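Accompanying notes for the structure given below.
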Amino acid sequence: MGPLAGITIIEIAGIGPAPFAAMSLADMGAEVIRIERPGGGLFSDQQINPKLDVLNRGKRCICVDLKQPEGVATVLRLIEQADGLLEGNRPGVMERLGLGPDVCLQRNPRLVYGRMTGWGQEGPMAKEVGHDLNYVALSGALHGMGRAGEKPAIPLNLVGDFGGGGIFLAYGLVCALLEAKTSGQGQVVDAAMIDGVANLMSSSFAANQVGFWSDERGTNVLDSGAHFYEVYETGDGKYITIGSIEPQFYAALLERLGDEAAGLENQWDMAAWPALKEKLSDIFKRKTRDEWDAFFDGADICYAPVLTMAEVRHHPHHQERGTFIDDGDVWQPTPAPRFSRTPGAISRPPARNGEHSRDILAQFGFSEDDINNSLASGAVVQAE
């Protein structure tokens with residue numbers, strides 16, 4: 001049983017950060033009930049293994065037509081018994097559905113109501129459309145990502161959707177749930193990706209203000225400016241990473257390279273960084289990635305190979321730690337973080353749209369007649 005066992009969360013189905021937050025809570029033992037619309041679901045109209053819809057692992061699913069008043073009334077009855085709710089719609093959508101925080105908190109005053117948006121619930125851009133890349137751009141993070149003289153590099157959707165979005169939403173929900181245990185009162189959690197990404201940038205903003213971090217991309221210690229914190233191509237066209245920032249690790253790098261390291265001694269001569277990087281680039285192209293793996297084995301230099309997504313789960317370190325779960329059909333990351341006494345777990349595979357509709361209604365006290373009427377009207381749909 002995970003640390004959130006006994007907590008019930010209602011998730012209004014969406015895409016990206018909110019499902020990721022709900023998955024993280026389910027991994028930690030919360031009972032997450034996903035409210036999906038008829039015909040909804042990431043893979044509902046595609047011939048793809050439904051187990052690959054990993055953001056919905058660990059959840060049960062009820063299919064409800066929120067365009068019908070009876071469907072809204074059904075969700076409100078579920079909310080009455082829930083600890084939390086999370087949604088990722090644009091501001092105003094839940095209110096128009098009749099499921100805004102005022103209505104829900106009136107029905108359940110101890111409810112924690114989590115809202116996930118890009119721009120936030122208020123502000124001049126609150127109702128504008130956007131995606132991860134836009135939020136990362138406005139938060140100041142994107143400008144600093146990339147190499148000197150090049151345009152900013154897109155960091156997948158890890159920084160906005162999942163780092164600044166989903167994780168902050170899950171964190172906010174857990175904080176508010178903890179407070180509600182004491183106060184008996186719920187509240188609204190406004191998780192905006194621009195806020196989350198800005199917080200992730202805290203140390204960079206501070207470094208910029210003291211003059212340690214330049215706005216000129218690709219010239220700083222952590223953004224590919226330094227030769228000792230860089231990605232290098234190897235002789236077989238693959239890549240390795242060197243992160244020898246601290247003097248003891250840099251010294252260990254030079255020691256391991258031996259005579260090849262001649263001329264690399266002055267680590268913090270910033271004017272020499274481009275030339276030193278060129279020298280290291282030449283050195284690292286003399287061996288394959290796997291040969292450098294063997295060469296640097298046991299060296300305290302802050303080194304790792306760049307693994308592809310196909311390779312990563314086979315690495316010995318991940319194998320020993322069980323970083324990934326592989327059932328022979330689908331492989332996916334193990335729930336994180338890890339707990340010594342109440343470990344998280346993947347309790348069930350992703351559910352089909354409406355797979356648990358009847359069971360969820362019965363669990364929440366709906367009579368058999370109510371269930372049959374809801375199914376007959378189409379307000380609730382049961383998967384076949």
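Chain identifiers are assigned as A, B, and so on, following the order in which chains appear in the structure tokens; residues are numbered from 1 within each chain, and ligands are numbered from 1 in order of appearance.
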- Message: What parts of range 103-143 of chain A does DSSP call alpha helix (DSSP H)? I'd like the answer as number ranges by chain.
- Response: A: 103-107, 132-138
- Task: For range 361-371 of chain A, list every protein, DNA or RNA residue within 8 Å, evaluated using only C-alpha atoms, and leave out those in the same chain fewer than 2 positions away; present the list as an NGL selection string.
- Result: :A and (77-78 or 81 or 357-359 or 373-375)
Within 9 Å of range 144-152 of chain A, counting only C-alpha atoms, which residues qualify if same-chain residues fewer than 5 places away don't, as a compact mmCIF listing (two decimals) with all heavy atoms, in the first residue's frame?
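Contents of the output file selection_34.txt:
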```
# COMPACT_ATOMS: atom_id res chain seq x y z
N SER A 214 25.05 34.52 -17.65
CA SER A 214 24.82 35.48 -18.72
C SER A 214 23.57 35.11 -19.50
O SER A 214 23.24 33.92 -19.66
CB SER A 214 26.03 35.51 -19.67
OG SER A 214 25.73 36.23 -20.85
N ASP A 215 22.87 36.12 -20.03
CA ASP A 215 21.74 35.88 -20.91
C ASP A 215 22.18 35.42 -22.29
O ASP A 215 21.34 35.04 -23.11
CB ASP A 215 20.90 37.16 -21.05
CG ASP A 215 19.75 37.21 -20.06
OD1 ASP A 215 19.37 36.14 -19.54
OD2 ASP A 215 19.21 38.31 -19.83
N GLU A 216 23.48 35.44 -22.54
CA GLU A 216 23.99 34.97 -23.82
C GLU A 216 24.03 33.45 -23.80
O GLU A 216 24.84 32.83 -23.10
CB GLU A 216 25.38 35.54 -24.10
CG GLU A 216 25.90 35.18 -25.49
CD GLU A 216 27.27 35.78 -25.76
OE1 GLU A 216 27.73 36.60 -24.93
OE2 GLU A 216 27.89 35.41 -26.77
N ARG A 217 23.16 32.85 -24.54
CA ARG A 217 22.98 31.40 -24.53
C ARG A 217 24.26 30.68 -24.92
O ARG A 217 25.01 31.10 -25.80
CB ARG A 217 21.85 31.06 -25.52
CG ARG A 217 21.35 29.64 -25.48
CD ARG A 217 20.02 29.47 -26.20
NE ARG A 217 19.96 30.22 -27.45
CZ ARG A 217 19.26 31.35 -27.62
NH1 ARG A 217 18.59 31.88 -26.62
NH2 ARG A 217 19.25 31.95 -28.80
N GLY A 218 24.52 29.55 -24.24
CA GLY A 218 25.65 28.70 -24.59
C GLY A 218 27.00 29.22 -24.14
O GLY A 218 28.03 28.77 -24.67
N THR A 219 27.01 30.13 -23.16
CA THR A 219 28.29 30.67 -22.68
C THR A 219 28.50 30.40 -21.19
O THR A 219 29.51 30.82 -20.64
CB THR A 219 28.37 32.19 -22.91
OG1 THR A 219 27.35 32.84 -22.14
CG2 THR A 219 28.17 32.51 -24.39
N ASP A 223 25.09 25.36 -19.65
CA ASP A 223 24.31 25.43 -20.89
C ASP A 223 25.14 25.14 -22.14
O ASP A 223 24.78 25.55 -23.23
CB ASP A 223 23.65 26.82 -21.02
CG ASP A 223 24.65 27.96 -21.16
OD1 ASP A 223 25.87 27.68 -21.11
OD2 ASP A 223 24.22 29.11 -21.30
N SER A 224 26.23 24.42 -21.98
CA SER A 224 27.16 24.00 -23.04
C SER A 224 28.29 25.00 -23.26
O SER A 224 29.10 24.83 -24.18
CB SER A 224 26.45 23.73 -24.38
OG SER A 224 26.14 24.94 -25.07
N GLY A 225 28.40 26.03 -22.41
CA GLY A 225 29.50 26.97 -22.55
C GLY A 225 30.83 26.37 -22.11
O GLY A 225 31.87 26.64 -22.71
```
If you take only C-alpha atoms and a cut-off of 7 Å, which residues of range 39-136 of chain A touch range 172-183 of chain A, and what are their nearest atom pairs and distances in Å to one decimal, in chain and number order, as a tab-separated table?
```
residue	atom	partner	partner_atom	distance
A:Arg110	CA	A:Ala180	CA	6.5
A:Val112	CA	A:Leu177	CA	6.4
A:Gly114	CA	A:Leu173	CA	6.3
```
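Between CA of Thr234 in chain A and CA of Lys287 in chain A the separation is 6.1 Å.
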- Item | Which residue of A:Ile7, A:Val129, A:Leu280, A:Leu158 approaches Glu233 in chain A most closely, using only C-alpha atoms | A:Leu280
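Ranking A:Pro124, A:Pro50, A:Gly160, A:Pro69 by their shortest atom-to-atom distance to Leu99 in chain A, with only C-alpha atoms included, puts A:Pro69 first.
The neighbours of Lys279 in chain A here are the residues that come within 10 Å of it, using only C-alpha atoms and leaving out any residue fewer than 3 positions away in the same chain; they are His227, Glu260, Ala261, Ala262, Gly263, Leu264, Trp273, Pro274, Ala275, Leu276, Asp282, Ile283 and Phe284 of chain A.
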Can those selected residues be exported to a file as a PDB file, in the first residue's frame so that it contains C-alpha atoms?
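selection.pdb was written with the following content:
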```
ATOM      1  CA  HIS A 227      34.203  22.284 -21.914  1.00  0.00           C
ATOM      2  CA  GLU A 260      46.057  13.548 -23.741  1.00  0.00           C
ATOM      3  CA  ALA A 261      45.077  16.168 -21.131  1.00  0.00           C
ATOM      4  CA  ALA A 262      48.065  18.391 -21.730  1.00  0.00           C
ATOM      5  CA  GLY A 263      46.858  21.987 -22.096  1.00  0.00           C
ATOM      6  CA  LEU A 264      43.603  21.405 -20.259  1.00  0.00           C
ATOM      7  CA  TRP A 273      36.709  27.266 -23.137  1.00  0.00           C
ATOM      8  CA  PRO A 274      35.979  27.087 -26.898  1.00  0.00           C
ATOM      9  CA  ALA A 275      39.504  25.900 -27.662  1.00  0.00           C
ATOM     10  CA  LEU A 276      39.515  23.415 -24.773  1.00  0.00           C
ATOM     11  CA  ASP A 282      38.969  15.598 -30.905  1.00  0.00           C
ATOM     12  CA  ILE A 283      39.988  13.288 -28.061  1.00  0.00           C
ATOM     13  CA  PHE A 284      36.530  11.763 -27.594  1.00  0.00           C
TER      14      PHE A 284
END
```
Find the residues around range 228-230 of chain A up to 6 Å (only C-alpha atoms counted), leave out those fewer than 2 positions away in its own chain, and share them as a short mmCIF file (atom, residue, chain, number, x, y, z; two decimals) with all heavy atoms, in the first residue's frame.
```
data_model
loop_
_atom_site.label_atom_id
_atom_site.label_comp_id
_atom_site.auth_asym_id
_atom_site.auth_seq_id
_atom_site.Cartn_x
_atom_site.Cartn_y
_atom_site.Cartn_z
N SER A 224 26.23 24.42 -21.98
CA SER A 224 27.16 24.00 -23.04
C SER A 224 28.29 25.00 -23.26
O SER A 224 29.10 24.83 -24.18
CB SER A 224 26.45 23.73 -24.38
OG SER A 224 26.14 24.94 -25.07
N ALA A 226 30.79 25.57 -21.05
CA ALA A 226 32.02 25.02 -20.47
C ALA A 226 32.42 23.72 -21.14
O ALA A 226 31.56 22.89 -21.46
CB ALA A 226 31.84 24.81 -18.97
N THR A 241 28.53 12.08 -21.94
CA THR A 241 28.42 13.34 -21.20
C THR A 241 29.52 13.43 -20.15
O THR A 241 29.86 12.44 -19.49
CB THR A 241 27.06 13.45 -20.49
OG1 THR A 241 26.92 12.36 -19.56
CG2 THR A 241 25.92 13.44 -21.48
N ILE A 242 30.08 14.62 -20.05
CA ILE A 242 31.08 14.93 -19.03
C ILE A 242 30.52 16.05 -18.16
O ILE A 242 30.03 17.05 -18.67
CB ILE A 242 32.42 15.40 -19.66
CG1 ILE A 242 32.99 14.30 -20.58
CG2 ILE A 242 33.42 15.79 -18.59
CD1 ILE A 242 33.42 13.06 -19.85
N GLY A 243 30.57 15.88 -16.84
CA GLY A 243 30.05 16.89 -15.92
C GLY A 243 31.02 17.21 -14.80
O GLY A 243 30.63 17.32 -13.64
N SER A 244 32.29 17.37 -15.14
CA SER A 244 33.36 17.52 -14.14
C SER A 244 33.47 18.97 -13.66
O SER A 244 34.48 19.65 -13.90
CB SER A 244 34.69 17.05 -14.73
OG SER A 244 34.57 15.75 -15.27
#
```
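Taking only C-alpha atoms into account, Ile240 in chain A lies nearest to A:Pro305 out of the set A:Pro305, A:Gly211, A:Pro38, A:Pro343.
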- Of the listed residues A:Gly344, A:Gly298, A:Pro17, A:Pro349, that which approaches Ala30 in chain A most closely, counting only C-alpha atoms: A:Gly344
If you run DSSP on the backbone, which residues of range 6-160 of chain A are strand (DSSP E), as a tab-separated table (two decimals) with all heavy atoms, in the first residue's frame?
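In the end it all went to out06.tsv:
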```tsv
chain	number	residue	atom	x	y	z
A	8	THR	N	-9.06	9.34	-2.10
A	8	THR	CA	-9.81	9.19	-3.36
A	8	THR	C	-9.75	10.48	-4.16
A	8	THR	O	-10.10	11.55	-3.65
A	8	THR	CB	-11.28	8.82	-3.07
A	8	THR	OG1	-11.34	7.57	-2.37
A	8	THR	CG2	-12.07	8.70	-4.37
A	9	ILE	N	-9.33	10.37	-5.40
A	9	ILE	CA	-9.18	11.51	-6.29
A	9	ILE	C	-10.07	11.31	-7.51
A	9	ILE	O	-10.03	10.25	-8.15
A	9	ILE	CB	-7.72	11.69	-6.75
A	9	ILE	CG1	-6.76	11.82	-5.56
A	9	ILE	CG2	-7.59	12.87	-7.71
A	9	ILE	CD1	-6.93	13.08	-4.77
A	10	ILE	N	-10.85	12.33	-7.86
A	10	ILE	CA	-11.61	12.33	-9.10
A	10	ILE	C	-10.81	13.11	-10.13
A	10	ILE	O	-10.43	14.26	-9.91
A	10	ILE	CB	-12.99	13.00	-8.91
A	10	ILE	CG1	-13.79	12.32	-7.80
A	10	ILE	CG2	-13.76	13.02	-10.23
A	10	ILE	CD1	-14.13	10.88	-8.06
A	11	GLU	N	-10.54	12.48	-11.26
A	11	GLU	CA	-9.81	13.14	-12.35
A	11	GLU	C	-10.75	13.38	-13.52
A	11	GLU	O	-11.33	12.43	-14.06
A	11	GLU	CB	-8.64	12.27	-12.82
A	11	GLU	CG	-7.91	12.86	-14.02
A	11	GLU	CD	-7.01	11.86	-14.74
A	11	GLU	OE1	-6.95	10.69	-14.32
A	11	GLU	OE2	-6.37	12.26	-15.73
A	12	ILE	N	-10.90	14.64	-13.92
A	12	ILE	CA	-11.62	14.95	-15.14
A	12	ILE	C	-10.63	14.77	-16.27
A	12	ILE	O	-9.64	15.50	-16.37
A	12	ILE	CB	-12.18	16.39	-15.12
A	12	ILE	CG1	-13.02	16.62	-13.85
A	12	ILE	CG2	-12.99	16.66	-16.38
A	12	ILE	CD1	-14.22	15.71	-13.71
A	31	GLU	N	-6.68	6.17	-4.72
A	31	GLU	CA	-7.68	5.65	-5.64
A	31	GLU	C	-8.06	6.78	-6.59
A	31	GLU	O	-8.66	7.77	-6.17
A	31	GLU	CB	-8.92	5.14	-4.92
A	31	GLU	CG	-9.97	4.62	-5.89
A	31	GLU	CD	-11.25	4.16	-5.23
A	31	GLU	OE1	-11.51	4.59	-4.09
A	31	GLU	OE2	-11.99	3.39	-5.86
A	32	VAL	N	-7.68	6.65	-7.84
A	32	VAL	CA	-7.97	7.69	-8.83
A	32	VAL	C	-9.06	7.18	-9.76
A	32	VAL	O	-8.91	6.12	-10.38
A	32	VAL	CB	-6.71	8.07	-9.64
A	32	VAL	CG1	-7.07	9.08	-10.73
A	32	VAL	CG2	-5.64	8.64	-8.72
A	33	ILE	N	-10.14	7.94	-9.83
A	33	ILE	CA	-11.26	7.60	-10.71
A	33	ILE	C	-11.28	8.62	-11.84
A	33	ILE	O	-11.49	9.81	-11.63
A	33	ILE	CB	-12.58	7.62	-9.93
A	33	ILE	CG1	-12.56	6.52	-8.86
A	33	ILE	CG2	-13.77	7.44	-10.88
A	33	ILE	CD1	-13.73	6.54	-7.92
A	34	ARG	N	-11.05	8.13	-13.04
A	34	ARG	CA	-10.99	9.01	-14.22
A	34	ARG	C	-12.37	9.14	-14.83
A	34	ARG	O	-13.02	8.15	-15.17
A	34	ARG	CB	-10.00	8.44	-15.24
A	34	ARG	CG	-9.91	9.21	-16.53
A	34	ARG	CD	-8.67	8.80	-17.34
A	34	ARG	NE	-8.66	7.38	-17.67
A	34	ARG	CZ	-9.05	6.87	-18.84
A	34	ARG	NH1	-9.49	7.67	-19.79
A	34	ARG	NH2	-8.98	5.58	-19.06
A	35	ILE	N	-12.82	10.38	-14.96
A	35	ILE	CA	-14.10	10.68	-15.60
A	35	ILE	C	-13.80	10.97	-17.07
A	35	ILE	O	-13.24	12.01	-17.41
A	35	ILE	CB	-14.80	11.90	-14.98
A	35	ILE	CG1	-14.87	11.78	-13.44
A	35	ILE	CG2	-16.17	12.10	-15.60
A	35	ILE	CD1	-15.75	10.67	-12.95
A	36	GLU	N	-14.15	10.04	-17.94
A	36	GLU	CA	-13.87	10.19	-19.37
A	36	GLU	C	-15.17	10.43	-20.12
A	36	GLU	O	-16.24	9.97	-19.72
A	36	GLU	CB	-13.18	8.92	-19.88
A	36	GLU	CG	-12.69	8.98	-21.31
A	36	GLU	CD	-11.66	10.06	-21.55
A	36	GLU	OE1	-10.47	9.82	-21.32
A	36	GLU	OE2	-12.09	11.16	-21.98
A	59	LYS	N	-5.47	3.65	-12.60
A	59	LYS	CA	-6.74	4.35	-12.41
A	59	LYS	C	-7.90	3.45	-12.83
A	59	LYS	O	-7.75	2.57	-13.67
A	59	LYS	CB	-6.79	5.62	-13.26
A	59	LYS	CG	-5.59	6.54	-13.12
A	59	LYS	CD	-5.64	7.66	-14.15
A	59	LYS	CE	-4.39	8.52	-14.15
A	59	LYS	NZ	-4.44	9.58	-15.19
A	60	ARG	N	-9.07	3.72	-12.26
A	60	ARG	CA	-10.30	3.15	-12.80
A	60	ARG	C	-11.02	4.22	-13.61
A	60	ARG	O	-10.78	5.41	-13.40
A	60	ARG	CB	-11.19	2.61	-11.69
A	60	ARG	CG	-10.59	1.41	-10.98
A	60	ARG	CD	-11.60	0.72	-10.09
A	60	ARG	NE	-12.04	1.60	-9.01
A	60	ARG	CZ	-13.20	1.46	-8.37
A	60	ARG	NH1	-14.05	0.51	-8.74
A	60	ARG	NH2	-13.51	2.28	-7.39
A	61	CYS	N	-11.87	3.80	-14.52
A	61	CYS	CA	-12.48	4.75	-15.44
A	61	CYS	C	-13.98	4.57	-15.53
A	61	CYS	O	-14.49	3.45	-15.73
A	61	CYS	CB	-11.86	4.60	-16.83
A	61	CYS	SG	-12.55	5.75	-18.05
A	62	ILE	N	-14.69	5.69	-15.38
A	62	ILE	CA	-16.12	5.75	-15.62
A	62	ILE	C	-16.36	6.73	-16.76
A	62	ILE	O	-15.73	7.79	-16.82
A	62	ILE	CB	-16.90	6.18	-14.35
A	62	ILE	CG1	-18.40	6.27	-14.64
A	62	ILE	CG2	-16.38	7.49	-13.78
A	62	ILE	CD1	-19.24	6.51	-13.38
A	63	CYS	N	-17.23	6.36	-17.68
A	63	CYS	CA	-17.51	7.19	-18.84
A	63	CYS	C	-18.82	7.94	-18.60
A	63	CYS	O	-19.88	7.31	-18.43
A	63	CYS	CB	-17.63	6.30	-20.08
A	63	CYS	SG	-17.92	7.21	-21.61
A	64	VAL	N	-18.75	9.26	-18.59
A	64	VAL	CA	-19.90	10.10	-18.27
A	64	VAL	C	-20.07	11.17	-19.33
A	64	VAL	O	-19.09	11.83	-19.72
A	64	VAL	CB	-19.74	10.76	-16.88
A	64	VAL	CG1	-20.97	11.60	-16.53
A	64	VAL	CG2	-19.50	9.71	-15.80
A	84	GLY	N	-10.24	14.65	-3.27
A	84	GLY	CA	-9.71	15.65	-4.18
A	84	GLY	C	-10.24	15.48	-5.58
A	84	GLY	O	-10.79	14.43	-5.94
A	85	LEU	N	-10.09	16.53	-6.36
A	85	LEU	CA	-10.46	16.52	-7.78
A	85	LEU	C	-9.35	17.26	-8.52
A	85	LEU	O	-8.81	18.24	-8.01
A	85	LEU	CB	-11.81	17.21	-7.99
A	85	LEU	CG	-12.29	17.41	-9.43
A	85	LEU	CD1	-13.81	17.32	-9.50
A	85	LEU	CD2	-11.84	18.76	-10.01
A	86	LEU	N	-9.06	16.81	-9.72
A	86	LEU	CA	-8.12	17.57	-10.55
A	86	LEU	C	-8.64	17.63	-11.98
A	86	LEU	O	-9.29	16.70	-12.47
A	86	LEU	CB	-6.71	17.02	-10.46
A	86	LEU	CG	-6.38	15.60	-10.92
A	86	LEU	CD1	-6.19	15.52	-12.43
A	86	LEU	CD2	-5.13	15.10	-10.22
A	87	GLU	N	-8.35	18.76	-12.62
A	87	GLU	CA	-8.80	18.98	-14.00
A	87	GLU	C	-7.79	19.85	-14.71
A	87	GLU	O	-7.05	20.61	-14.08
A	87	GLU	CB	-10.19	19.61	-14.02
A	87	GLU	CG	-10.32	20.93	-13.26
A	87	GLU	CD	-10.14	22.15	-14.14
A	87	GLU	OE1	-10.03	22.00	-15.38
A	87	GLU	OE2	-10.10	23.27	-13.60
A	112	VAL	N	-10.38	19.09	-2.00
A	112	VAL	CA	-9.26	19.81	-2.57
A	112	VAL	C	-9.43	19.79	-4.08
A	112	VAL	O	-9.49	18.71	-4.69
A	112	VAL	CB	-7.92	19.19	-2.17
A	112	VAL	CG1	-6.77	19.83	-2.94
A	112	VAL	CG2	-7.70	19.33	-0.67
A	113	TYR	N	-9.53	20.97	-4.68
A	113	TYR	CA	-9.88	21.11	-6.09
A	113	TYR	C	-8.64	21.60	-6.85
A	113	TYR	O	-8.27	22.77	-6.77
A	113	TYR	CB	-11.03	22.11	-6.22
A	113	TYR	CG	-11.73	22.17	-7.55
A	113	TYR	CD1	-13.03	21.73	-7.68
A	113	TYR	CD2	-11.10	22.70	-8.68
A	113	TYR	CE1	-13.71	21.80	-8.89
A	113	TYR	CE2	-11.76	22.78	-9.89
A	113	TYR	CZ	-13.05	22.32	-10.00
A	113	TYR	OH	-13.72	22.39	-11.20
A	114	GLY	N	-7.98	20.70	-7.58
A	114	GLY	CA	-6.75	21.03	-8.29
A	114	GLY	C	-7.01	21.42	-9.73
A	114	GLY	O	-7.69	20.69	-10.47
A	115	ARG	N	-6.44	22.57	-10.14
A	115	ARG	CA	-6.63	23.08	-11.49
A	115	ARG	C	-5.28	23.22	-12.19
A	115	ARG	O	-4.36	23.84	-11.67
A	115	ARG	CB	-7.34	24.43	-11.46
A	115	ARG	CG	-8.50	24.50	-10.49
A	115	ARG	CD	-9.43	25.66	-10.77
A	115	ARG	NE	-10.31	25.35	-11.90
A	115	ARG	CZ	-11.33	26.11	-12.28
A	115	ARG	NH1	-11.59	27.25	-11.63
A	115	ARG	NH2	-12.09	25.76	-13.29
A	116	MET	N	-5.18	22.64	-13.38
A	116	MET	CA	-3.93	22.66	-14.15
A	116	MET	C	-4.14	23.47	-15.42
A	116	MET	O	-4.98	23.14	-16.25
A	116	MET	CB	-3.54	21.23	-14.52
A	116	MET	CG	-2.25	21.10	-15.33
A	116	MET	SD	-0.78	21.21	-14.31
A	116	MET	CE	-0.31	22.91	-14.52
A	117	THR	N	-3.39	24.56	-15.56
A	117	THR	CA	-3.41	25.35	-16.78
A	117	THR	C	-1.99	25.76	-17.14
A	117	THR	O	-1.05	25.55	-16.36
A	117	THR	CB	-4.26	26.63	-16.61
A	117	THR	OG1	-3.71	27.44	-15.56
A	117	THR	CG2	-5.72	26.31	-16.31
```
- Message: For a quick check of understanding, using only C-alpha atoms, which of A:Ile79, A:Asp190, A:Pro101, A:Asp236 has the smallest distance to Gln121 in chain A?
- Response: A:Asp190
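Relative to CA of Leu55 in chain A, CA of Ile15 in chain A is found at 9.1 Å.
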If we count only C-alpha atoms, what is near Pro247 in chain A at a cut-off of 12 Å, once residues fewer than 5 positions away on the same chain are taken out, given as an mmCIF file with N, CA, C and O atoms, in the first residue's frame?
```
data_model
loop_
_atom_site.group_PDB
_atom_site.id
_atom_site.type_symbol
_atom_site.label_atom_id
_atom_site.label_comp_id
_atom_site.auth_asym_id
_atom_site.auth_seq_id
_atom_site.Cartn_x
_atom_site.Cartn_y
_atom_site.Cartn_z
ATOM 1 N N PHE A 228 33.955 21.371 -19.679
ATOM 2 C CA PHE A 228 33.898 20.284 -18.691
ATOM 3 C C PHE A 228 32.463 19.914 -18.307
ATOM 4 O O PHE A 228 32.246 19.100 -17.416
ATOM 5 N N ALA A 252 40.359 14.494 -11.649
ATOM 6 C CA ALA A 252 40.255 13.066 -11.941
ATOM 7 C C ALA A 252 40.112 12.828 -13.442
ATOM 8 O O ALA A 252 40.651 11.854 -13.984
ATOM 9 N N LEU A 253 39.405 13.725 -14.138
ATOM 10 C CA LEU A 253 39.269 13.619 -15.591
ATOM 11 C C LEU A 253 40.637 13.746 -16.262
ATOM 12 O O LEU A 253 41.000 12.935 -17.119
ATOM 13 N N LEU A 254 41.389 14.763 -15.853
ATOM 14 C CA LEU A 254 42.705 14.975 -16.454
ATOM 15 C C LEU A 254 43.630 13.798 -16.154
ATOM 16 O O LEU A 254 44.406 13.359 -17.020
ATOM 17 N N GLU A 265 44.771 22.190 -18.260
ATOM 18 C CA GLU A 265 44.912 22.369 -16.816
ATOM 19 C C GLU A 265 44.080 23.535 -16.251
ATOM 20 O O GLU A 265 43.545 23.437 -15.144
ATOM 21 N N ASN A 266 43.954 24.630 -16.959
ATOM 22 C CA ASN A 266 43.298 25.822 -16.409
ATOM 23 C C ASN A 266 41.791 25.746 -16.662
ATOM 24 O O ASN A 266 41.263 26.274 -17.639
ATOM 25 N N GLN A 267 41.122 25.080 -15.746
ATOM 26 C CA GLN A 267 39.700 24.777 -15.922
ATOM 27 C C GLN A 267 38.834 26.023 -16.103
ATOM 28 O O GLN A 267 37.907 26.031 -16.908
ATOM 29 N N TRP A 268 39.105 27.101 -15.345
ATOM 30 C CA TRP A 268 38.203 28.245 -15.301
ATOM 31 C C TRP A 268 38.678 29.437 -16.134
ATOM 32 O O TRP A 268 38.226 30.560 -15.928
ATOM 33 N N ASP A 300 36.080 8.936 -10.851
ATOM 34 C CA ASP A 300 35.195 9.945 -10.242
ATOM 35 C C ASP A 300 35.241 11.239 -11.041
ATOM 36 O O ASP A 300 35.803 12.245 -10.606
ATOM 37 N N ILE A 301 34.621 11.219 -12.223
ATOM 38 C CA ILE A 301 34.691 12.405 -13.076
ATOM 39 C C ILE A 301 33.313 12.960 -13.435
ATOM 40 O O ILE A 301 33.225 13.977 -14.116
ATOM 41 N N CYS A 302 32.223 12.315 -12.995
ATOM 42 C CA CYS A 302 30.860 12.694 -13.388
ATOM 43 C C CYS A 302 30.676 12.429 -14.879
ATOM 44 O O CYS A 302 30.702 13.344 -15.707
#
```
- Contacts of Thr334 in chain A within 10 Å, only C-alpha atoms, excl. fewer than 2 positions in-chain, as a list in words: Asp27, Arg321, Gly322, Thr323, Phe324, Ile325, Asp326, Trp331, Gln332, Ala336, Pro337, Arg338, Gly344, Ala345 and Ile346 of chain A
Those residues you just picked out, can you put them in a file as a short mmCIF file (atom, residue, chain, number, x, y, z; two decimals), in the first residue's frame with N, CA and C atoms?
```
data_model
loop_
_atom_site.label_atom_id
_atom_site.label_comp_id
_atom_site.auth_asym_id
_atom_site.auth_seq_id
_atom_site.Cartn_x
_atom_site.Cartn_y
_atom_site.Cartn_z
N ASP A 27 0.09 6.00 -8.48
CA ASP A 27 1.29 5.22 -8.19
C ASP A 27 1.59 5.16 -6.70
N ARG A 321 18.44 -1.68 -10.16
CA ARG A 321 17.50 -0.88 -9.36
C ARG A 321 16.04 -1.16 -9.70
N GLY A 322 15.80 -1.77 -10.85
CA GLY A 322 14.42 -1.95 -11.28
C GLY A 322 13.77 -0.64 -11.65
N THR A 323 14.53 0.22 -12.34
CA THR A 323 14.02 1.52 -12.75
C THR A 323 12.83 1.39 -13.68
N PHE A 324 12.81 0.30 -14.44
CA PHE A 324 11.71 0.07 -15.38
C PHE A 324 11.05 -1.27 -15.09
N ILE A 325 9.77 -1.33 -15.37
CA ILE A 325 9.00 -2.56 -15.28
C ILE A 325 8.71 -3.03 -16.70
N ASP A 326 9.00 -4.27 -16.98
CA ASP A 326 8.81 -4.83 -18.32
C ASP A 326 8.05 -6.14 -18.18
N TRP A 331 6.91 -1.85 -21.53
CA TRP A 331 7.85 -1.45 -20.48
C TRP A 331 7.61 0.01 -20.15
N GLN A 332 7.78 0.34 -18.87
CA GLN A 332 7.49 1.69 -18.39
C GLN A 332 8.25 1.92 -17.09
N ALA A 336 7.97 6.48 -8.79
CA ALA A 336 9.00 7.20 -8.05
C ALA A 336 8.37 8.40 -7.34
N PRO A 337 8.93 8.83 -6.20
CA PRO A 337 10.12 8.29 -5.53
C PRO A 337 9.81 7.00 -4.80
N ARG A 338 10.82 6.44 -4.16
CA ARG A 338 10.69 5.16 -3.47
C ARG A 338 10.55 5.37 -1.97
N GLY A 344 5.23 2.69 -3.44
CA GLY A 344 4.23 2.85 -4.48
C GLY A 344 4.24 1.64 -5.40
N ALA A 345 3.21 1.54 -6.24
CA ALA A 345 3.12 0.41 -7.15
C ALA A 345 2.14 0.75 -8.27
N ILE A 346 2.27 0.04 -9.39
CA ILE A 346 1.29 0.14 -10.46
C ILE A 346 0.21 -0.88 -10.16
#
```
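Of the residues under consideration (A:Ala141, A:Val210, A:Met23, A:Val188), A:Val188 shows the shortest atom-to-atom contact distance to Pro109 in chain A when counting only C-alpha atoms.
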